[in-house]
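Colleague: Structure in structure tokens, see below.
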2 protein chains.
Amino acid sequence: MSVQERKERERAKRERLIVATARELAEQQGWDAVTTRRLAERIEYSQPVLYSHFRGKREIIGAVALEGAAELAAAVRAATAAAGGPRERVSALARAYLGFAARNPAVYDAIFQLDGGLAYAQEDTPEPLKDAFAALLECLGEVAGDGVAPGLFTETFWAALHGLATLTRAGRLPPQDTEQRVELLVDRLSVV
Amino acid sequence: MSVQERKERERAKRERLIVATARELAEQQGWDAVTTRRLAERIEYSQPVLYSHFRGKREIIGAVALEGAAELAAAVRAATAAAGGPRERVSALARAYLGFAARNPAVYDAIFQLDGGLAYAQEDTPEPLKDAFAALLECLGEVAGDGVAPGLFTETFWAALHGLATLTRAGRLPPQDTEQRVELLVDRLSVV
DNA sequence: TTGATTGTCTAGCGGTGCTAGGATCGAATC
DNA sequence: GATTCGATCCTAGCACCGCTAGACAATCAA
């Protein structure tokens with residue numbers, strides 16, 4: 001059995017290599033540059049090997065998205081845990097979220113813009129995605145205010161952050177006033 | 001000279017046909033289905049004809065975006081003009097904006113998500129885009145509140161709407177509670 | 001009628017995601 | 001140790017993509 005185990009280990013390792021390489025390539029040159037040919041060349045295997053791990057390019061994007069969602073959740077939790085009162089926690093959350101989006105644009109796209117074949121906002125939504133939302137909810141639920149459902153408030157706040165993140169990076173919003181926009185959002189939306 | 005004028009008219013007409021057909025195809029089957037081959041077939045000309053009007057597919061997307069931006073501005077102005085007080089105007093604006101995004105998803109993508117080769121938030125930004133932002137500003141500037149720049153407030157409010165629009169359509173947010181999220185946004189962000 | 005110019009099309013380039021089918025390698029059996 | 005056999009991987013190729021060079025036809029000016 002040991003031989004089979006070794007093979008499985010190696011296979012899992014190669015799968016991680018594929019995901020990591022796709023992510024790296026996407027961050028370096030954008031998702032358009034992540035072609036199956038280039039990806040295969042970088043991992044030093046032929047194209048069909050990719051298809052023995054994933055159904056297609058979509059699933060590779062999905063894998064990067066799941067990995068990224070876990071990191072995003074961790075980043076948000078770390079930032080909120082280190083902050084003082086509710087107001088500061090929300091502010092820290094917003095900064096952590098936007099910081100992640102700015103530092104990992106390709107990964108952010110994989111999670112929230114591209115089609116990775118993942119289910120969202122359903123029962124069969126993968127755990128990392130649910131958990132990322134939960135990380136937001138834990139902090140934002142505190143400041144929803146009376147008569148407003150924490151989930152609904154979190155969704156709305158999240159959408160606002162998402163809008164800032166995507167419009168800024170797509171050049172639709174000038175980048176210099178980001179800080180003030182975030183402050184405005186935090187001040188007005190959250191009830192402390 | 002009349003012959004030349006006629007030719008120019010026909011050429012302009014064909015250009016409008018290209019843009020309208022691209023838009024139609026995008027709304028019917030998504031932008032991925034808008035290939036130069038299919039587009040050429042639908043307008044009953046060969047592929048190279050497209051390239052005598054536009055530099056490439058990107059510019060066609062850009063043309064659809066400009067057309068859409070003008071419509072969006074008109075829709076927003078019509079909705080706000082018909083509303084009573086400031087609070088109602090903002091609410092009407094939000095509904096009109098999200099309604100446009102929901103009814104014309106492909107056009108909305110052309111304006112705000114895809115690369116149409118257009119400049120945004122700069123001096124050389126095409127007029128329809130500037131005007132669409134102006135339409136938002138006219139209404140939202142009223143409710144920015146003291147000490148908050150109307151432009152900055154408008155950008156922030158707009159980003160929030162954009163987040164709701166895109167996350168909802170991408171299946172990242174369940175569609176049923178949209179109404180309540182919009183209300184929350186309007187209530188909390190605007191100062192009446 | 002001829003010649004030049006304009007307009008359009010056919011055909012093709014290098015690229016994409018994806019896959020069928022053959023070659024190769026390594027593990028288990030005799 | 002030789003042999004079988006199954007898993008693994010690669011070569012080659014499909015249909016499609018955006019885009020363009022060059023041949024061809026239609027139109028106009030002389």
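Simple scheme: letters A, B, ... for chains in structure tokens order, numbers from 1 for residues in each chain, numbers from 1 for ligands in the order shown.
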Sort by chain and increasing residue number a table of all residues of chain A within 9 Å of chain D, each with its closest pair of atoms and their distance in Å to one decimal, counting only C-alpha atoms (C1' of nucleotides), and write it as JSON lines.

Modeller:
{"residue": "A:Tyr45", "atom": "CA", "partner": "D:DC9", "partner_atom": "C1'", "distance": 8.5}
{"residue": "A:Ser46", "atom": "CA", "partner": "D:DC10", "partner_atom": "C1'", "distance": 6.6}
{"residue": "A:Gln47", "atom": "CA", "partner": "D:DC10", "partner_atom": "C1'", "distance": 8.8}
{"residue": "A:Pro48", "atom": "CA", "partner": "D:DC9", "partner_atom": "C1'", "distance": 8.1}
{"residue": "A:Val49", "atom": "CA", "partner": "D:DC9", "partner_atom": "C1'", "distance": 7.4}

Colleague: Please save C-alpha atoms of the selected residues as a PDB file, in the first residue's frame.

Modeller:
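In the end it all went to selection-v9.pdb:
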ATOM      1  CA  TYR A  45       4.026  18.685 -17.658  1.00  0.00           C
ATOM      2  CA  SER A  46       1.914  18.467 -20.772  1.00  0.00           C
ATOM      3  CA  GLN A  47      -1.541  19.995 -21.068  1.00  0.00           C
ATOM      4  CA  PRO A  48      -3.566  16.795 -20.551  1.00  0.00           C
ATOM      5  CA  VAL A  49      -2.078  16.426 -17.078  1.00  0.00           C
TER       6      VAL A  49
END

Colleague: Kindly provide, as a PyMOL selection string, the residues of chain C having any atom no farther than 12 Å from an atom of chain A, counting only C-alpha atoms (C1' of nucleotides).

Modeller: chain C and resi 15-20+26-28

Colleague: Using the selection just defined, write its residues with C-alpha atoms (C1' of nucleotides) as a short mmCIF file (atom, residue, chain, number, x, y, z; two decimals), in the first residue's frame.

Modeller:
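Ended up saving to part_1.cif:
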data_model
loop_
_atom_site.label_atom_id
_atom_site.label_comp_id
_atom_site.auth_asym_id
_atom_site.auth_seq_id
_atom_site.Cartn_x
_atom_site.Cartn_y
_atom_site.Cartn_z
"C1'" DG C 15 -3.38 31.67 -30.56
"C1'" DT C 16 -7.24 29.42 -27.32
"C1'" DG C 17 -9.58 25.27 -24.42
"C1'" DC C 18 -9.89 20.65 -24.70
"C1'" DT C 19 -9.35 15.44 -26.06
"C1'" DA C 20 -8.45 10.92 -28.63
"C1'" DG C 26 6.67 0.70 -13.38
"C1'" DA C 27 4.50 -2.69 -10.36
"C1'" DA C 28 2.96 -7.25 -9.71
#

Colleague: Using 7 Å as the limit and counting only C-alpha atoms, can you tabulate each residue of chain B that touches chain A, with its shortest atom-to-atom distance in Å and the two atoms involved, as a Markdown table?

Modeller:
| residue | atom | partner | partner_atom | distance |
| --- | --- | --- | --- | --- |
| B:Tyr120 | CA | A:Arg172 | CA | 5.3 |
| B:Ala121 | CA | A:Arg172 | CA | 6.1 |
| B:Leu152 | CA | A:Arg181 | CA | 6.7 |
| B:Thr156 | CA | A:Arg181 | CA | 5.8 |
| B:Ala159 | CA | A:Gly163 | CA | 4.4 |
| B:Ala160 | CA | A:Ala160 | CA | 3.7 |
| B:His162 | CA | A:Gly163 | CA | 5.3 |
| B:Gly163 | CA | A:Gly163 | CA | 4.0 |
| B:Leu164 | CA | A:Ala159 | CA | 5.2 |
| B:Leu167 | CA | A:Ala159 | CA | 6.9 |
| B:Gly171 | CA | A:Tyr120 | CA | 6.3 |
| B:Arg172 | CA | A:Tyr120 | CA | 5.2 |
| B:Leu173 | CA | A:Ala121 | CA | 6.2 |
| B:Pro174 | CA | A:Ala121 | CA | 6.3 |
| B:Arg181 | CA | A:Thr156 | CA | 5.8 |
| B:Arg188 | CA | A:Leu189 | CA | 5.4 |
| B:Leu189 | CA | A:Arg188 | CA | 5.5 |

Colleague: Keeping only N, CA and C atoms, take the residues you just selected and write them out as a compact mmCIF listing (two decimals), in the first residue's frame.

Modeller:
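Output below, filename result.txt:
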# COMPACT_ATOMS: atom_id res chain seq x y z
N TYR B 120 -11.49 56.52 -17.81
CA TYR B 120 -12.46 56.82 -16.76
C TYR B 120 -11.84 57.77 -15.75
N ALA B 121 -12.70 58.63 -15.21
CA ALA B 121 -12.27 59.53 -14.14
C ALA B 121 -11.04 60.35 -14.52
N LEU B 152 -17.15 63.05 -3.55
CA LEU B 152 -16.72 61.88 -2.79
C LEU B 152 -17.90 61.06 -2.31
N THR B 156 -18.86 57.15 -3.39
CA THR B 156 -19.07 56.11 -2.40
C THR B 156 -20.43 55.45 -2.55
N ALA B 159 -20.43 53.34 -5.61
CA ALA B 159 -19.69 52.10 -5.41
C ALA B 159 -20.56 51.07 -4.69
N ALA B 160 -21.32 51.54 -3.71
CA ALA B 160 -22.19 50.63 -2.97
C ALA B 160 -23.25 50.03 -3.90
N HIS B 162 -23.02 49.74 -7.10
CA HIS B 162 -22.31 48.87 -8.03
C HIS B 162 -22.05 47.50 -7.40
N GLY B 163 -21.65 47.51 -6.15
CA GLY B 163 -21.42 46.26 -5.45
C GLY B 163 -22.68 45.42 -5.38
N LEU B 164 -23.78 46.04 -5.02
CA LEU B 164 -25.04 45.31 -4.97
C LEU B 164 -25.39 44.74 -6.33
N LEU B 167 -22.70 41.84 -7.42
CA LEU B 167 -22.73 40.64 -6.59
C LEU B 167 -24.06 39.91 -6.74
N GLY B 171 -24.60 36.04 -8.71
CA GLY B 171 -25.05 34.96 -7.83
C GLY B 171 -24.37 34.93 -6.49
N ARG B 172 -23.59 35.98 -6.20
CA ARG B 172 -22.90 36.02 -4.91
C ARG B 172 -23.84 36.47 -3.79
N LEU B 173 -24.90 37.17 -4.13
CA LEU B 173 -25.90 37.58 -3.15
C LEU B 173 -27.25 37.01 -3.55
N PRO B 174 -27.98 36.46 -2.59
CA PRO B 174 -29.34 35.98 -2.91
C PRO B 174 -30.21 37.15 -3.35
N ARG B 181 -31.89 45.67 1.14
CA ARG B 181 -30.51 46.16 1.14
C ARG B 181 -30.45 47.57 0.60
N ARG B 188 -29.11 54.82 5.54
CA ARG B 188 -27.91 55.07 6.34
C ARG B 188 -26.96 56.07 5.68
N LEU B 189 -26.82 55.96 4.37
CA LEU B 189 -25.80 56.80 3.72
C LEU B 189 -26.23 58.25 3.54

Colleague: Would you mind listing what lies within 9 Å of B:Ser91 as a list in words, with only C-alpha atoms (C1' of nucleotides) counted and same-chain residues fewer than 4 positions away left out?

Modeller: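 Listing them by chain and then by number gives Thr80, Ala83, Pro86, Arg87, Arg95, Ala96, Val182, Glu183, Val186 and Asp187 of chain B.
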
Colleague: Go ahead and dump the residues you just picked, N, CA and C atoms, as a short mmCIF file (atom, residue, chain, number, x, y, z; two decimals), in the first residue's frame.

Modeller:
data_model
loop_
_atom_site.label_atom_id
_atom_site.label_comp_id
_atom_site.auth_asym_id
_atom_site.auth_seq_id
_atom_site.Cartn_x
_atom_site.Cartn_y
_atom_site.Cartn_z
N THR B 80 -35.35 60.45 -10.98
CA THR B 80 -35.21 61.43 -9.90
C THR B 80 -36.11 62.64 -10.12
N ALA B 83 -39.59 62.24 -8.63
CA ALA B 83 -39.73 61.95 -7.21
C ALA B 83 -39.88 63.22 -6.38
N PRO B 86 -35.92 64.91 -1.16
CA PRO B 86 -34.56 64.39 -1.34
C PRO B 86 -34.48 62.89 -1.05
N ARG B 87 -35.06 62.48 0.03
CA ARG B 87 -35.04 61.07 0.42
C ARG B 87 -35.65 60.20 -0.68
N ARG B 95 -33.10 52.73 -7.18
CA ARG B 95 -33.92 51.75 -7.88
C ARG B 95 -33.72 51.81 -9.38
N ALA B 96 -33.64 53.02 -9.91
CA ALA B 96 -33.44 53.18 -11.35
C ALA B 96 -32.10 52.60 -11.78
N VAL B 182 -31.20 47.83 -0.45
CA VAL B 182 -31.23 49.17 -1.04
C VAL B 182 -31.75 50.17 -0.03
N GLU B 183 -32.81 49.81 0.65
CA GLU B 183 -33.39 50.71 1.66
C GLU B 183 -32.38 51.03 2.75
N VAL B 186 -29.80 53.45 1.40
CA VAL B 186 -30.33 54.81 1.24
C VAL B 186 -30.51 55.47 2.60
N ASP B 187 -31.09 54.73 3.52
CA ASP B 187 -31.36 55.28 4.86
C ASP B 187 -30.08 55.70 5.57
#

Colleague: Can you check which residues of chain B DSSP gives as alpha helix (DSSP H) on the backbone and send them as a PyMOL selection string?

Modeller: chain B and resi 2-29+36-43+47-53+57-81+86-103+105-112+127-140+150-169+178-189

Colleague: The selected residues should be written to file as a CSV table (one decimal), in the first residue's frame (atoms: C-alpha atoms).

Modeller:
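To be explicit, this is the file written out as result20.csv:
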chain,number,residue,atom,x,y,z
B,2,SER,CA,-24.0,64.0,-52.8
B,3,VAL,CA,-22.7,60.5,-53.6
B,4,GLN,CA,-20.1,60.9,-50.9
B,5,GLU,CA,-22.6,62.0,-48.4
B,6,ARG,CA,-24.8,59.1,-49.2
B,7,LYS,CA,-21.9,56.8,-48.7
B,8,GLU,CA,-21.1,58.3,-45.4
B,9,ARG,CA,-24.7,58.0,-44.3
B,10,GLU,CA,-24.7,54.3,-45.2
B,11,ARG,CA,-21.4,53.8,-43.4
B,12,ALA,CA,-22.7,55.5,-40.3
B,13,LYS,CA,-25.8,53.3,-40.5
B,14,ARG,CA,-23.8,50.2,-40.7
B,15,GLU,CA,-21.7,51.2,-37.8
B,16,ARG,CA,-24.9,51.6,-35.7
B,17,LEU,CA,-26.0,48.2,-36.9
B,18,ILE,CA,-22.7,46.7,-35.7
B,19,VAL,CA,-23.1,48.3,-32.2
B,20,ALA,CA,-26.7,47.4,-31.9
B,21,THR,CA,-26.1,43.8,-33.1
B,22,ALA,CA,-23.2,43.4,-30.7
B,23,ARG,CA,-25.4,44.6,-27.8
B,24,GLU,CA,-28.2,42.4,-28.8
B,25,LEU,CA,-26.0,39.3,-29.0
B,26,ALA,CA,-24.3,40.1,-25.7
B,27,GLU,CA,-27.7,40.5,-24.0
B,28,GLN,CA,-29.0,37.3,-25.5
B,29,GLN,CA,-26.0,35.0,-25.0
B,36,THR,CA,-16.2,38.7,-34.6
B,37,ARG,CA,-17.3,35.8,-36.8
B,38,ARG,CA,-20.8,35.6,-35.3
B,39,LEU,CA,-21.1,39.4,-35.3
B,40,ALA,CA,-20.0,39.6,-39.0
B,41,GLU,CA,-22.5,36.9,-39.9
B,42,ARG,CA,-25.4,38.6,-38.2
B,43,ILE,CA,-24.7,41.9,-39.9
B,47,GLN,CA,-15.2,40.0,-40.6
B,48,PRO,CA,-12.8,42.6,-42.0
B,49,VAL,CA,-15.7,45.0,-42.4
B,50,LEU,CA,-15.8,45.2,-38.6
B,51,TYR,CA,-12.2,46.3,-38.6
B,52,SER,CA,-12.9,49.1,-41.0
B,53,HIS,CA,-15.2,50.6,-38.4
B,57,LYS,CA,-13.5,43.9,-30.4
B,58,ARG,CA,-12.5,46.1,-27.5
B,59,GLU,CA,-13.6,49.2,-29.3
B,60,ILE,CA,-17.0,47.6,-30.1
B,61,ILE,CA,-17.5,47.0,-26.4
B,62,GLY,CA,-16.5,50.6,-25.8
B,63,ALA,CA,-19.1,51.8,-28.3
B,64,VAL,CA,-21.8,49.7,-26.5
B,65,ALA,CA,-20.6,51.1,-23.2
B,66,LEU,CA,-21.0,54.7,-24.4
B,67,GLU,CA,-24.5,54.1,-25.7
B,68,GLY,CA,-25.4,52.4,-22.5
B,69,ALA,CA,-24.0,55.2,-20.3
B,70,ALA,CA,-26.2,57.7,-22.1
B,71,GLU,CA,-29.2,55.6,-21.4
B,72,LEU,CA,-28.3,55.0,-17.8
B,73,ALA,CA,-27.9,58.8,-17.3
B,74,ALA,CA,-31.3,59.4,-18.9
B,75,ALA,CA,-32.9,56.7,-16.8
B,76,VAL,CA,-31.5,58.1,-13.6
B,77,ARG,CA,-32.6,61.6,-14.4
B,78,ALA,CA,-36.1,60.6,-15.4
B,79,ALA,CA,-36.5,58.7,-12.1
B,80,THR,CA,-35.2,61.4,-9.9
B,81,ALA,CA,-37.2,64.1,-11.7
B,86,PRO,CA,-34.6,64.4,-1.3
B,87,ARG,CA,-35.0,61.1,0.4
B,88,GLU,CA,-37.5,59.9,-2.3
B,89,ARG,CA,-35.2,61.1,-5.0
B,90,VAL,CA,-32.2,59.1,-3.7
B,91,SER,CA,-34.4,56.1,-3.3
B,92,ALA,CA,-35.7,56.5,-6.9
B,93,LEU,CA,-32.1,56.9,-8.1
B,94,ALA,CA,-31.0,53.7,-6.5
B,95,ARG,CA,-33.9,51.7,-7.9
B,96,ALA,CA,-33.4,53.2,-11.3
B,97,TYR,CA,-29.7,52.4,-11.3
B,98,LEU,CA,-30.2,48.8,-10.1
B,99,GLY,CA,-33.1,48.4,-12.5
B,100,PHE,CA,-31.0,49.4,-15.4
B,101,ALA,CA,-28.2,47.0,-14.3
B,102,ALA,CA,-30.7,44.1,-14.0
B,103,ARG,CA,-32.5,44.8,-17.3
B,105,PRO,CA,-26.6,43.1,-17.7
B,106,ALA,CA,-24.4,43.0,-20.8
B,107,VAL,CA,-24.5,46.7,-21.3
B,108,TYR,CA,-23.8,47.3,-17.6
B,109,ASP,CA,-20.8,45.0,-17.9
B,110,ALA,CA,-19.6,46.9,-21.0
B,111,ILE,CA,-19.7,50.1,-19.0
B,112,PHE,CA,-18.3,49.0,-15.7
B,127,GLU,CA,-18.7,62.8,-22.4
B,128,PRO,CA,-21.4,60.1,-21.9
B,129,LEU,CA,-19.4,58.7,-19.0
B,130,LYS,CA,-18.9,62.0,-17.4
B,131,ASP,CA,-22.5,62.8,-17.9
B,132,ALA,CA,-23.7,59.6,-16.3
B,133,PHE,CA,-21.6,60.4,-13.2
B,134,ALA,CA,-23.0,64.0,-13.3
B,135,ALA,CA,-26.5,62.6,-13.3
B,136,LEU,CA,-25.7,60.7,-10.1
B,137,LEU,CA,-24.0,63.8,-8.6
B,138,GLU,CA,-27.0,66.1,-9.3
B,139,CYS,CA,-29.2,64.0,-7.0
B,140,LEU,CA,-26.7,62.6,-4.5
B,150,PRO,CA,-20.5,65.9,-2.9
B,151,GLY,CA,-18.2,64.2,-5.4
B,152,LEU,CA,-16.7,61.9,-2.8
B,153,PHE,CA,-20.1,61.1,-1.4
B,154,THR,CA,-21.4,60.3,-4.9
B,155,GLU,CA,-18.5,58.0,-5.6
B,156,THR,CA,-19.1,56.1,-2.4
B,157,PHE,CA,-22.8,55.8,-2.9
B,158,TRP,CA,-22.3,54.7,-6.5
B,159,ALA,CA,-19.7,52.1,-5.4
B,160,ALA,CA,-22.2,50.6,-3.0
B,161,LEU,CA,-24.8,50.4,-5.7
B,162,HIS,CA,-22.3,48.9,-8.0
B,163,GLY,CA,-21.4,46.3,-5.5
B,164,LEU,CA,-25.0,45.3,-5.0
B,165,ALA,CA,-25.6,45.1,-8.7
B,166,THR,CA,-22.7,43.0,-9.6
B,167,LEU,CA,-22.7,40.6,-6.6
B,168,THR,CA,-26.4,40.0,-7.1
B,169,ARG,CA,-26.1,39.3,-10.7
B,178,THR,CA,-32.4,43.3,-2.7
B,179,GLU,CA,-35.1,45.7,-1.8
B,180,GLN,CA,-34.2,45.7,1.9
B,181,ARG,CA,-30.5,46.2,1.1
B,182,VAL,CA,-31.2,49.2,-1.0
B,183,GLU,CA,-33.4,50.7,1.7
B,184,LEU,CA,-30.7,50.2,4.2
B,185,LEU,CA,-28.2,51.8,2.0
B,186,VAL,CA,-30.3,54.8,1.2
B,187,ASP,CA,-31.4,55.3,4.9
B,188,ARG,CA,-27.9,55.1,6.3
B,189,LEU,CA,-25.8,56.8,3.7

Colleague: Give me, please, the distance in Å between atom CA of A:Gly117 and atom CA of B:Gly30, quoted to one decimal.

Modeller: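 Between these atoms lies a distance of 16.4 Å.
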